[in-house]
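File shown here: model14.cif, holding mmCIF, C-alpha atoms.
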data_input
#
loop_
_atom_site.label_atom_id
_atom_site.label_comp_id
_atom_site.auth_asym_id
_atom_site.auth_seq_id
_atom_site.Cartn_x
_atom_site.Cartn_y
_atom_site.Cartn_z
CA MET Y 11 -9.28 -21.23 -28.61
CA LEU Y 12 -6.23 -21.54 -30.82
CA THR Y 13 -6.61 -23.88 -33.77
CA THR Y 14 -3.90 -25.91 -35.46
CA ASP Y 15 -4.40 -23.85 -38.60
CA GLN Y 16 -3.92 -20.59 -36.70
CA LEU Y 17 -0.78 -21.90 -35.04
CA ARG Y 18 0.53 -23.14 -38.39
CA ALA Y 19 -0.01 -19.71 -39.94
CA ALA Y 20 1.77 -18.03 -37.01
CA MET Y 21 4.70 -20.44 -37.26
CA LEU Y 22 5.06 -20.05 -41.02
CA SER Y 23 4.97 -16.26 -40.85
CA SER Y 24 7.70 -16.38 -38.20
CA VAL Y 25 10.27 -18.27 -40.25
CA GLY Y 26 9.41 -17.14 -43.77
CA ASP Y 27 8.42 -19.04 -46.85
CA ASP Y 28 10.92 -21.85 -47.04
CA GLU Y 29 10.67 -25.26 -48.64
CA SER Y 30 12.59 -26.81 -45.75
CA ILE Y 31 9.68 -26.01 -43.42
CA ASN Y 32 6.88 -28.57 -43.61
CA LEU Y 33 3.91 -28.13 -41.28
CA ASN Y 34 1.51 -30.57 -42.88
CA GLY Y 35 -0.44 -33.45 -41.41
CA ASP Y 36 0.71 -34.46 -37.98
CA TYR Y 37 2.98 -31.48 -37.39
CA PRO Y 38 1.58 -30.78 -33.88
CA ALA Y 39 3.03 -34.08 -32.70
CA ARG Y 40 6.58 -33.40 -33.86
CA ASP Y 41 9.30 -31.59 -31.95
CA PHE Y 42 9.87 -27.93 -32.74
CA THR Y 43 13.52 -28.65 -33.42
CA GLU Y 44 12.60 -31.43 -35.82
CA LEU Y 45 10.30 -28.99 -37.61
CA GLY Y 46 13.20 -26.55 -38.01
CA PHE Y 47 12.15 -24.14 -35.25
CA ASP Y 48 14.93 -22.85 -33.02
CA SER Y 49 14.41 -20.70 -29.95
CA LEU Y 50 14.29 -17.45 -31.92
CA ALA Y 51 11.70 -18.82 -34.34
CA LEU Y 52 9.62 -19.89 -31.34
CA MET Y 53 9.88 -16.46 -29.74
CA GLU Y 54 8.82 -14.88 -33.02
CA THR Y 55 5.87 -17.28 -33.18
CA CYS Y 56 4.83 -16.26 -29.66
CA ALA Y 57 5.09 -12.59 -30.54
CA HIS Y 58 2.81 -13.29 -33.49
CA LEU Y 59 0.28 -15.08 -31.27
CA LYS Y 60 0.27 -12.15 -28.86
CA ARG Y 61 -0.25 -9.59 -31.63
CA GLU Y 62 -2.94 -11.55 -33.45
CA TYR Y 63 -4.84 -13.25 -30.63
CA GLY Y 64 -3.69 -11.63 -27.41
CA ILE Y 65 -2.23 -14.94 -26.25
CA ILE Y 66 0.63 -14.50 -23.81
CA ILE Y 67 2.98 -17.42 -23.26
CA PRO Y 68 5.62 -16.65 -20.61
CA ASP Y 69 9.18 -17.36 -21.75
CA GLU Y 70 9.81 -19.80 -18.93
CA LYS Y 71 6.71 -21.75 -19.96
CA LEU Y 72 7.62 -21.65 -23.63
CA TRP Y 73 10.80 -23.67 -23.10
CA ASP Y 74 8.78 -26.46 -21.48
CA LEU Y 75 6.66 -26.84 -24.60
CA THR Y 76 8.54 -29.04 -27.03
CA THR Y 77 5.85 -29.66 -29.65
CA PRO Y 78 3.13 -27.54 -31.30
CA GLY Y 79 0.60 -29.96 -29.78
CA GLN Y 80 1.82 -29.16 -26.26
CA LEU Y 81 1.66 -25.47 -27.05
CA LEU Y 82 -1.93 -25.78 -28.31
CA GLU Y 83 -2.90 -27.81 -25.25
CA TRP Y 84 -1.39 -25.29 -22.86
CA VAL Y 85 -2.92 -22.29 -24.63
CA ASN Y 86 -6.37 -23.82 -24.93
CA GLY Y 87 -6.28 -25.09 -21.37
CA ALA Y 88 -5.17 -21.77 -19.96
CA HIS Y 89 -7.13 -19.43 -22.17
CA SER Y 90 -10.33 -21.22 -23.09
CA MET X 3 56.37 -18.36 -43.20
CA SER X 4 57.07 -16.75 -46.51
CA ILE X 5 54.89 -14.19 -48.16
CA ALA X 6 53.28 -16.92 -50.26
CA ASP X 7 51.89 -18.73 -47.25
CA CYS X 8 48.29 -18.46 -48.39
CA VAL X 9 46.48 -18.95 -51.63
CA VAL X 10 43.18 -17.59 -52.80
CA THR X 11 41.26 -20.59 -54.06
CA GLY X 12 37.83 -19.02 -54.43
CA ILE X 13 36.54 -15.56 -55.21
CA ASP X 14 33.23 -13.83 -55.69
CA VAL X 15 32.24 -10.22 -56.20
CA ILE X 16 28.93 -8.40 -56.03
CA ALA X 17 29.23 -4.79 -57.11
CA PRO X 18 27.29 -2.01 -58.80
CA THR X 19 29.26 -2.90 -61.91
CA GLY X 20 28.47 -6.60 -61.84
CA PHE X 21 26.58 -9.27 -59.95
CA THR X 22 29.18 -11.87 -60.87
CA VAL X 23 32.96 -11.77 -60.74
CA ASN X 24 33.22 -12.08 -64.51
CA GLU X 25 30.83 -9.23 -65.19
CA TYR X 26 32.53 -7.11 -62.55
CA TRP X 27 35.98 -7.76 -64.00
CA ARG X 28 34.84 -7.20 -67.58
CA ARG X 29 33.39 -3.80 -66.74
CA THR X 30 36.37 -2.91 -64.55
CA CYS X 31 38.70 -3.59 -67.48
CA LEU X 32 36.54 -1.28 -69.60
CA GLY X 33 36.79 1.44 -66.94
CA GLU X 34 33.03 1.57 -66.51
CA SER X 35 31.43 3.14 -63.45
CA GLY X 36 28.41 1.91 -61.52
CA VAL X 37 27.77 5.27 -59.87
CA THR X 38 24.43 6.82 -60.77
CA VAL X 39 21.82 9.20 -59.39
CA VAL X 40 19.49 7.27 -57.09
CA PRO X 41 16.00 8.36 -58.21
CA GLU X 42 14.48 7.94 -54.73
CA PHE X 43 17.05 10.36 -53.28
CA ALA X 44 17.24 12.82 -56.16
CA ASP X 45 14.46 15.19 -55.09
CA ARG X 46 14.63 14.56 -51.34
CA TYR X 47 18.26 15.09 -50.47
CA ASN X 48 21.06 17.33 -51.61
CA THR X 49 23.18 14.24 -52.28
CA ALA X 50 22.04 11.47 -54.58
CA LEU X 51 25.06 9.87 -56.25
CA ALA X 52 25.76 6.29 -55.22
CA GLY X 53 26.83 2.93 -56.54
CA LEU X 54 23.82 0.66 -56.16
CA ILE X 55 23.67 -2.98 -57.14
CA PRO X 56 21.00 -3.24 -59.84
CA ASN X 57 17.87 -5.20 -59.05
CA PHE X 58 18.29 -8.90 -58.50
CA LEU X 59 15.87 -11.55 -57.33
CA VAL X 60 17.22 -12.59 -53.95
CA THR X 61 14.79 -15.52 -53.75
CA GLU X 62 16.75 -17.13 -56.56
CA HIS X 63 19.83 -17.19 -54.34
CA LEU X 64 18.75 -17.79 -50.74
CA PRO X 65 16.13 -19.88 -48.90
CA GLY X 66 13.10 -18.04 -47.52
CA ARG X 67 13.91 -18.46 -43.86
CA LEU X 68 17.21 -16.64 -44.30
CA LEU X 69 15.41 -13.76 -46.02
CA THR X 70 13.09 -13.36 -43.04
CA GLN X 71 15.97 -12.84 -40.64
CA THR X 72 18.55 -10.93 -42.69
CA ASP X 73 19.22 -7.49 -44.03
CA ARG X 74 20.16 -6.87 -47.65
CA VAL X 75 23.85 -6.59 -46.71
CA THR X 76 23.82 -10.03 -45.10
CA GLN X 77 22.00 -11.50 -48.06
CA LEU X 78 24.72 -10.15 -50.34
CA ALA X 79 27.42 -11.53 -48.03
CA LEU X 80 25.75 -14.96 -47.92
CA ILE X 81 25.42 -15.12 -51.71
CA ALA X 82 29.03 -14.06 -52.25
CA ALA X 83 30.34 -16.48 -49.61
CA GLU X 84 28.43 -19.40 -51.08
CA ARG X 85 29.68 -18.67 -54.57
CA ALA X 86 33.26 -18.16 -53.39
CA LEU X 87 33.08 -21.53 -51.63
CA ALA X 88 31.75 -23.14 -54.80
CA ASP X 89 34.52 -21.47 -56.79
CA SER X 90 37.13 -22.87 -54.41
CA LYS X 91 35.71 -26.40 -54.74
CA VAL X 92 36.47 -26.89 -51.05
CA ASP X 93 34.86 -30.09 -49.84
CA LEU X 94 33.27 -28.97 -46.58
CA ASP X 95 32.30 -32.53 -45.68
CA HIS X 96 35.95 -33.51 -45.47
CA ARG X 97 37.34 -30.49 -43.67
CA ASP X 98 37.71 -29.98 -39.96
CA PRO X 99 35.00 -27.38 -39.26
CA PHE X 100 37.09 -26.04 -36.36
CA GLY X 101 39.88 -25.21 -38.80
CA PHE X 102 37.58 -23.17 -41.02
CA ALA X 103 37.36 -19.50 -40.02
CA VAL X 104 35.24 -16.57 -41.16
CA VAL X 105 36.66 -13.04 -41.12
CA THR X 106 34.65 -10.27 -42.75
CA SER X 107 34.35 -6.52 -42.59
CA ASN X 108 31.22 -4.43 -42.40
CA ALA X 109 30.75 -0.86 -41.25
CA THR X 110 27.06 -0.40 -40.66
CA GLY X 111 25.27 -3.68 -40.02
CA GLY X 112 21.74 -4.17 -41.24
CA PHE X 113 20.49 -0.64 -41.70
CA GLU X 114 17.47 -1.36 -43.88
CA PHE X 115 16.25 -4.17 -41.61
CA SER X 116 16.68 -1.94 -38.55
CA HIS X 117 14.91 0.94 -40.24
CA ARG X 118 11.86 -1.26 -40.77
CA GLU X 119 11.91 -2.57 -37.19
CA MET X 120 12.38 0.91 -35.69
CA GLN X 121 9.39 2.01 -37.70
CA ARG X 122 7.39 -0.87 -36.21
CA LEU X 123 8.63 -0.06 -32.73
CA TRP X 124 7.38 3.50 -32.90
CA ALA X 125 4.25 2.88 -34.94
CA GLN X 126 3.01 -0.42 -33.47
CA GLY X 127 4.92 -0.97 -30.26
CA PRO X 128 7.69 -3.24 -29.01
CA GLU X 129 5.67 -6.44 -29.50
CA SER X 130 5.79 -6.00 -33.25
CA VAL X 131 9.59 -5.80 -33.50
CA SER X 132 11.07 -8.91 -35.10
CA VAL X 133 13.16 -11.07 -32.76
CA TYR X 134 15.68 -11.35 -35.59
CA GLN X 135 16.49 -7.67 -35.07
CA CYS X 136 18.68 -8.86 -32.17
CA PHE X 137 21.37 -9.87 -34.65
CA ALA X 138 20.22 -8.58 -38.04
CA TRP X 139 21.35 -5.03 -37.20
CA PHE X 140 24.84 -5.98 -36.07
CA TYR X 141 28.15 -5.63 -37.92
CA ALA X 142 29.06 -9.17 -36.90
CA VAL X 143 25.98 -10.64 -38.53
CA ASN X 144 27.65 -11.45 -41.85
CA THR X 145 30.44 -13.46 -40.24
CA GLY X 146 27.89 -15.18 -38.00
CA GLN X 147 25.40 -16.09 -40.70
CA ILE X 148 28.12 -17.36 -43.05
CA SER X 149 29.60 -19.56 -40.34
CA ILE X 150 26.18 -20.89 -39.28
CA ARG X 151 25.05 -21.60 -42.82
CA HIS X 152 28.16 -23.55 -43.76
CA ARG X 153 28.78 -24.95 -40.26
CA LEU X 154 32.21 -23.36 -39.97
CA ARG X 155 33.40 -23.43 -36.37
CA GLY X 156 36.84 -21.86 -36.59
CA PRO X 157 37.62 -18.42 -35.19
CA GLY X 158 35.21 -15.76 -36.39
CA ALA X 159 36.04 -12.08 -36.53
CA VAL X 160 34.64 -8.84 -37.82
CA PHE X 161 36.36 -5.63 -38.84
CA VAL X 162 34.52 -2.36 -38.58
CA ALA X 163 36.56 0.13 -40.55
CA GLU X 164 34.20 2.49 -42.30
CA GLN X 165 33.66 1.00 -45.75
CA ALA X 166 37.23 -0.09 -46.38
CA GLY X 167 37.78 -2.92 -43.93
CA GLY X 168 38.03 -5.68 -46.51
CA LEU X 169 41.80 -5.56 -46.84
CA ASP X 170 42.23 -5.60 -43.07
CA ALA X 171 39.90 -8.58 -42.91
CA ILE X 172 41.98 -10.45 -45.48
CA GLY X 173 45.12 -9.57 -43.54
CA HIS X 174 43.58 -10.98 -40.37
CA ALA X 175 42.43 -14.06 -42.26
CA ARG X 176 46.01 -14.63 -43.31
CA ARG X 177 47.19 -14.25 -39.71
CA ASN X 178 44.68 -16.93 -38.74
CA ILE X 179 46.41 -19.26 -41.18
CA THR X 180 50.00 -18.32 -40.39
CA GLY X 181 49.19 -18.54 -36.69
CA ASP X 182 47.82 -22.05 -37.14
CA ARG X 183 44.38 -21.08 -35.94
CA ALA X 184 42.79 -22.13 -39.21
CA SER X 185 43.65 -23.86 -42.46
CA THR X 186 40.92 -22.18 -44.49
CA VAL X 187 39.17 -18.83 -44.12
CA ILE X 188 36.25 -17.20 -45.84
CA THR X 189 37.15 -13.54 -45.84
CA GLY X 190 36.25 -10.24 -47.44
CA GLY X 191 33.84 -7.40 -46.89
CA MET X 192 30.30 -6.39 -47.72
CA GLU X 193 28.46 -3.09 -47.36
CA SER X 194 24.94 -1.87 -48.06
CA SER X 195 23.03 0.86 -46.25
CA PHE X 196 20.91 2.78 -48.72
CA ASP X 197 17.52 2.85 -47.10
CA PRO X 198 16.60 6.47 -46.21
CA TRP X 199 17.96 6.16 -42.66
CA GLY X 200 21.19 4.71 -44.00
CA TRP X 201 21.44 7.44 -46.58
CA VAL X 202 21.00 10.33 -44.14
CA SER X 203 23.61 8.66 -41.95
CA HIS X 204 26.03 8.79 -44.86
CA GLN X 205 25.05 12.41 -45.34
CA ALA X 206 25.83 13.21 -41.72
CA SER X 207 29.53 12.82 -42.50
CA GLY X 208 29.27 15.96 -44.58
CA LYS X 209 31.64 14.40 -47.10
CA LEU X 210 29.28 13.10 -49.75
CA THR X 211 29.50 14.70 -53.16
CA THR X 212 26.59 16.96 -54.02
CA ALA X 213 27.20 16.63 -57.75
CA ARG X 214 24.49 15.01 -59.85
CA ASP X 215 26.71 14.13 -62.79
CA PRO X 216 28.46 10.82 -61.99
CA ALA X 217 31.61 11.89 -63.82
CA ALA X 218 31.76 15.09 -61.80
CA GLY X 219 30.89 13.51 -58.46
CA TYR X 220 32.86 10.28 -58.56
CA GLN X 221 36.54 11.17 -58.83
CA PRO X 222 38.42 8.88 -56.46
CA PHE X 223 42.01 9.95 -55.77
CA SER X 224 41.59 13.06 -57.93
CA PRO X 225 42.69 16.50 -56.66
CA THR X 226 39.43 17.88 -58.02
CA ALA X 227 37.27 15.44 -56.07
CA ASN X 228 34.42 17.25 -54.33
CA GLY X 229 33.34 14.52 -51.95
CA TYR X 230 32.72 10.82 -52.24
CA ALA X 231 29.93 8.69 -53.62
CA PRO X 232 29.18 5.69 -51.38
CA GLY X 233 28.62 2.29 -52.87
CA GLU X 234 27.28 -1.08 -51.87
CA GLY X 235 28.62 -4.55 -52.49
CA GLY X 236 31.86 -6.30 -51.77
CA ALA X 237 33.83 -9.47 -52.29
CA MET X 238 34.42 -12.77 -50.56
CA LEU X 239 37.54 -14.88 -50.91
CA VAL X 240 38.41 -18.38 -49.80
CA LEU X 241 41.90 -18.27 -48.38
CA GLU X 242 43.73 -21.53 -47.81
CA SER X 243 47.02 -22.47 -46.30
CA ALA X 244 49.56 -23.00 -49.06
CA ARG X 245 51.39 -25.72 -47.18
CA PRO X 246 49.66 -28.70 -48.81
CA CYS X 247 50.41 -27.22 -52.22
CA ASN X 248 53.57 -25.85 -53.77
CA TRP X 249 52.22 -23.50 -56.38
CA ALA X 250 51.24 -20.73 -54.01
CA THR X 251 51.37 -17.28 -55.48
CA PHE X 252 49.31 -15.18 -53.16
CA THR X 253 50.82 -11.76 -53.59
CA ALA X 254 48.80 -9.86 -51.04
CA GLY X 255 51.17 -10.66 -48.20
CA SER X 256 51.76 -7.02 -47.44
CA LEU X 257 48.11 -6.19 -47.34
CA GLY X 258 47.26 -2.63 -46.72
CA THR X 259 50.46 -1.24 -48.15
CA GLN X 260 50.60 -2.73 -51.62
CA PRO X 261 47.92 -3.43 -54.16
CA VAL X 262 46.69 -6.96 -54.56
CA SER X 263 47.75 -8.19 -57.96
CA ILE X 264 45.62 -10.72 -59.73
CA PRO X 265 47.69 -12.96 -61.96
CA ALA X 266 46.83 -12.84 -65.64
CA THR X 267 46.45 -16.59 -65.59
CA ILE X 268 45.91 -18.85 -62.61
CA PRO X 269 48.87 -21.21 -62.42
CA PRO X 270 48.27 -24.84 -63.32
CA THR X 271 47.18 -26.90 -60.38
CA PRO X 272 48.87 -30.05 -59.21
CA SER X 273 46.52 -32.99 -59.03
CA HIS X 274 46.78 -33.24 -55.25
CA CYS X 275 45.38 -29.77 -54.78
CA ALA X 276 41.81 -28.67 -55.20
CA ALA X 277 41.60 -26.84 -58.49
CA PRO X 278 41.35 -23.17 -57.55
CA SER X 279 39.74 -21.94 -60.71
CA SER X 280 39.77 -22.47 -64.42
CA ARG X 281 39.05 -18.84 -65.02
CA GLN X 282 41.36 -17.00 -67.34
CA TRP X 283 41.76 -13.45 -66.15
CA PRO X 284 41.82 -10.90 -68.93
CA ARG X 285 44.30 -8.12 -68.46
CA PRO X 286 42.76 -4.70 -68.09
CA GLY X 287 42.89 -2.55 -71.18
CA CYS X 288 44.32 0.33 -69.19
CA GLY X 289 47.08 0.29 -66.62
CA PRO X 290 47.59 2.56 -63.65
CA ALA X 291 49.51 5.07 -65.76
CA THR X 292 46.64 5.62 -68.17
CA SER X 293 43.68 5.23 -65.88
CA ARG X 294 41.56 8.31 -65.45
CA TRP X 295 41.88 7.82 -61.72
CA SER X 296 45.63 7.57 -61.70
CA SER X 297 46.56 10.82 -60.03
CA PRO X 298 46.84 10.27 -56.31
CA MET X 299 45.29 12.75 -53.99
CA PRO X 300 48.08 14.89 -52.54
CA ARG X 301 48.43 14.23 -48.84
CA ALA X 302 48.21 17.90 -48.09
CA GLN X 303 44.63 17.86 -49.31
CA LEU X 304 43.50 15.22 -46.90
CA PRO X 305 41.65 16.74 -43.98
CA THR X 306 43.81 16.79 -40.88
CA THR X 307 41.01 17.18 -38.42
CA ARG X 308 37.72 15.46 -38.31
CA PRO X 309 34.95 17.94 -39.02
CA LYS X 310 32.41 18.36 -36.28
CA PRO X 311 29.35 16.33 -37.19
CA PRO X 312 26.18 18.29 -37.71
CA SER X 313 23.88 18.20 -34.72
CA TRP X 314 20.73 16.15 -34.96
CA PRO X 315 17.58 18.13 -35.42
CA ARG X 316 15.47 18.12 -32.31
CA SER X 317 12.33 16.13 -32.63
CA SER X 318 9.11 17.60 -31.36
CA GLY X 319 7.25 14.52 -30.29
CA GLY X 320 8.42 11.42 -32.11
CA ALA X 321 9.99 11.00 -35.49
CA VAL X 322 7.80 9.84 -38.32
CA PHE X 323 9.40 7.86 -41.09
CA ARG X 324 7.65 7.72 -44.38
CA TRP X 325 9.25 4.79 -46.03
CA PRO X 326 9.03 3.33 -48.53
CA ARG X 327 8.04 6.61 -50.01
CA PRO X 328 4.87 6.45 -52.08
CA ARG X 329 5.70 6.92 -55.70
CA ALA X 330 4.46 10.13 -57.25
CA GLU X 331 1.67 9.68 -59.71
CA PRO X 332 2.67 10.43 -63.29
CA GLY X 333 1.89 14.02 -64.05
CA GLY X 334 0.92 14.60 -60.43
#

Exercise: express the given structure as structure tokens:
Amino acid sequence: MLTTDQLRAAMLSSVGDDESINLNGDYPARDFTELGFDSLALMETCAHLKREYGIIIPDEKLWDLTTPGQLLEWVNGAHS
Amino acid sequence: MSIADCVVTGIDVIAPTGFTVNEYWRRTCLGESGVTVVPEFADRYNTALAGLIPNFLVTEHLPGRLLTQTDRVTQLALIAAERALADSKVDLDHRDPFGFAVVTSNATGGFEFSHREMQRLWAQGPESVSVYQCFAWFYAVNTGQISIRHRLRGPGAVFVAEQAGGLDAIGHARRNITGDRASTVITGGMESSFDPWGWVSHQASGKLTTARDPAAGYQPFSPTANGYAPGEGGAMLVLESARPCNWATFTAGSLGTQPVSIPATIPPTPSHCAAPSSRQWPRPGCGPATSRWSSPMPRAQLPTTRPKPPSWPRSSGGAVFRWPRPRAEPGG
């Protein structure tokens, strides 16, 4: 089970402390690109999830997930 | 085109002798050196003289997400490029981004960043290596990050010419303008590779001075020089086509063969041109004839063959980096 807080922490550690990144409130519903996450930042986030929680998201699947909410849904559906 | 086909409208310098162009120029005019013994290297290596940029708080200059994905050398290049752009007063919102090029030089890429990621690779495995390593290590990263940050889409290029590629980069920037490939170019060079891996790579050349006294070890162009002391830093210029203006006095047209001369006073600017700078350049207190580094190295003393590099020591089961090195306890 991956929580929104855990995903937020993984995403923030992947892009660095930056005031342009805002992951408050309804962030899971917003697009990764809108949140300031490009493909590299997403790959770094996935590497973080694998290291911390053993969650493996295949690259080809990753590009289908356009919001943090979709990522959470896929992870928790596949790994719960 | 004539020799005065380009003008320098913005400039910034980050050097061991100054974190701003004014400080750098002031100390240059005084003949001051930024070469010192690096304490971390002093008791580990037989070479320790280098020109390091004194501590600065990078978070005051760059947003956090750029720090996560860049090496120190790229951070320096980004800071210098941003300040050179500000100095030029170029209005990026009203320029064709495809006519704005970036041409920089860099010899080593992001050594310190790579050192850290290699350490992770060997200590924790491939999964722990940052994805940003894919470009952070690379010589082209400064040109790339500058163009991305300022959305400049003109031709980008990188010169890899040991630690002296800056003049070649400026020459190529000028060719971009004279060849109508760009109207404006950010150009210059930036170097920094003084993590332990970077330092031993410098050492591998066998040409670093082993002196510990800066005055004895840093003698550029002197017949008594006993090696060189590497430095970090560099400069960024904003080069613009002189065609819209008629006051062009860029004197570096024969780059690489003649010294770049900085005018004592920037010429007055016509109202239809962006003001290049209001800075008044002080003349140096010493000219070439009186400088302590005036005597050129006789050509005969230059090595005619490249010395064979020392062979790498064989590792017996995986290298172990200890870095950053724990500081010795006082009195310990």

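The space between CA of Thr186 in chain X and CA of Leu241 in chain X spans 5.6 Å.
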
Within 9 Å of Gly112 in chain X, counting only C-alpha atoms, which residues show up once you throw out same-chain ones fewer than 6 positions away? Write them as number ranges by chain, please.
-> X: 72-76, 135, 137-141, 143, 194-195

Translate the PyMOL selection byres ((chain Y) within 12 of (chain X)), as applied to the file shown, into an explicit residue set as JSON, numbers by chain.
-> {"Y": [21, 22, 23, 24, 25, 26, 27, 28, 29, 30, 31, 46, 47, 48, 49, 50, 51, 52, 53, 54, 55, 56, 57, 58, 59, 60, 61, 62, 64, 66]}

Selected by the PyMOL selection byres ((chain Y and resi 78) around 7) in the shown coordinates: which residues, as number ranges by chain?
-> Y: 38-39, 42, 77, 79-82

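Put simply, the PyMOL selection byres ((chain X and resi 178) around 10) on this file hits Gly101, Phe102, Ala103, Val104, Val105, Gly156, Pro157, Gly158, Ile172, Gly173, His174, Ala175, Arg176, Arg177, Ile179, Thr180, Gly181, Asp182, Arg183, Ala184, Ser185, Thr186, Val187 and Ser243 of chain X.
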
Extending 8 Å beyond the listed atoms of range 33-50 of chain Y on each side, what axis-aligned box results? I want centre and edge lengths in Å to one decimal, as JSON.
{"center_x": 7.2, "center_y": -26.0, "center_z": -36.4, "size_x": 31.4, "size_y": 33.0, "size_z": 28.9}

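Relative to CA of Gly53 in chain X, CA of Glu34 in chain X is found at 11.8 Å.
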
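If all atoms listed in the file are the atoms counted, then among X:Thr212, X:Asn144, X:Gln221, X:Ser203 the closest residue to Val39 in chain X is X:Thr212.
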
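You will find CA of Thr76 in chain Y at 17.0 Å from CA of Leu12 in chain Y.
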
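Of the residues under consideration (X:Ala217, X:Ala171, X:Val23, X:Leu154), X:Leu154 shows the shortest atom-to-atom contact distance to Arg97 in chain X when counting only C-alpha atoms.
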
Writing all heavy atoms and nothing else, produce range 65-70 of chain Y as a PDB file, in the first residue's frame.
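Written file, out.pdb:
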ATOM      1  N   ILE Y  65       8.740  -1.248  -4.830  1.00  0.00           N
ATOM      2  CA  ILE Y  65       7.697  -1.147  -5.859  1.00  0.00           C
ATOM      3  C   ILE Y  65       8.340  -0.988  -7.231  1.00  0.00           C
ATOM      4  O   ILE Y  65       9.161  -0.090  -7.432  1.00  0.00           O
ATOM      5  CB  ILE Y  65       6.780   0.059  -5.572  1.00  0.00           C
ATOM      6  CG1 ILE Y  65       6.021  -0.166  -4.256  1.00  0.00           C
ATOM      7  CG2 ILE Y  65       5.825   0.305  -6.736  1.00  0.00           C
ATOM      8  CD1 ILE Y  65       5.313   1.069  -3.745  1.00  0.00           C
ATOM      9  N   ILE Y  66       7.991  -1.878  -8.141  1.00  0.00           N
ATOM     10  CA  ILE Y  66       8.571  -1.814  -9.479  1.00  0.00           C
ATOM     11  C   ILE Y  66       7.491  -1.416 -10.479  1.00  0.00           C
ATOM     12  O   ILE Y  66       6.487  -2.133 -10.637  1.00  0.00           O
ATOM     13  CB  ILE Y  66       9.190  -3.165  -9.885  1.00  0.00           C
ATOM     14  CG1 ILE Y  66      10.329  -3.517  -8.912  1.00  0.00           C
ATOM     15  CG2 ILE Y  66       9.702  -3.107 -11.315  1.00  0.00           C
ATOM     16  CD1 ILE Y  66      10.885  -4.915  -9.095  1.00  0.00           C
ATOM     17  N   ILE Y  67       7.694  -0.267 -11.110  1.00  0.00           N
ATOM     18  CA  ILE Y  67       6.767   0.175 -12.153  1.00  0.00           C
ATOM     19  C   ILE Y  67       7.509   0.093 -13.487  1.00  0.00           C
ATOM     20  O   ILE Y  67       8.480   0.807 -13.702  1.00  0.00           O
ATOM     21  CB  ILE Y  67       6.303   1.626 -11.917  1.00  0.00           C
ATOM     22  CG1 ILE Y  67       5.705   1.763 -10.502  1.00  0.00           C
ATOM     23  CG2 ILE Y  67       5.293   2.057 -12.980  1.00  0.00           C
ATOM     24  CD1 ILE Y  67       5.360   3.186 -10.118  1.00  0.00           C
ATOM     25  N   PRO Y  68       7.087  -0.798 -14.379  1.00  0.00           N
ATOM     26  CA  PRO Y  68       7.792  -0.918 -15.667  1.00  0.00           C
ATOM     27  C   PRO Y  68       7.724   0.409 -16.430  1.00  0.00           C
ATOM     28  O   PRO Y  68       6.722   1.114 -16.360  1.00  0.00           O
ATOM     29  CB  PRO Y  68       7.002  -2.011 -16.403  1.00  0.00           C
ATOM     30  CG  PRO Y  68       6.197  -2.707 -15.349  1.00  0.00           C
ATOM     31  CD  PRO Y  68       5.941  -1.712 -14.277  1.00  0.00           C
ATOM     32  N   ASP Y  69       8.800   0.714 -17.165  1.00  0.00           N
ATOM     33  CA  ASP Y  69       8.857   1.977 -17.904  1.00  0.00           C
ATOM     34  C   ASP Y  69       7.647   2.149 -18.815  1.00  0.00           C
ATOM     35  O   ASP Y  69       7.046   3.214 -18.877  1.00  0.00           O
ATOM     36  CB  ASP Y  69      10.137   2.027 -18.750  1.00  0.00           C
ATOM     37  CG  ASP Y  69      11.355   2.283 -17.872  1.00  0.00           C
ATOM     38  OD1 ASP Y  69      11.164   2.572 -16.674  1.00  0.00           O
ATOM     39  OD2 ASP Y  69      12.480   2.179 -18.385  1.00  0.00           O
ATOM     40  N   GLU Y  70       7.294   1.060 -19.531  1.00  0.00           N
ATOM     41  CA  GLU Y  70       6.207   1.202 -20.496  1.00  0.00           C
ATOM     42  C   GLU Y  70       4.885   1.505 -19.786  1.00  0.00           C
ATOM     43  O   GLU Y  70       4.001   2.157 -20.339  1.00  0.00           O
ATOM     44  CB  GLU Y  70       6.088  -0.038 -21.389  1.00  0.00           C
ATOM     45  CG  GLU Y  70       5.836  -1.345 -20.654  1.00  0.00           C
ATOM     46  CD  GLU Y  70       7.134  -2.015 -20.192  1.00  0.00           C
ATOM     47  OE1 GLU Y  70       8.171  -1.333 -20.138  1.00  0.00           O
ATOM     48  OE2 GLU Y  70       7.084  -3.213 -19.869  1.00  0.00           O
TER      49      GLU Y  70
END
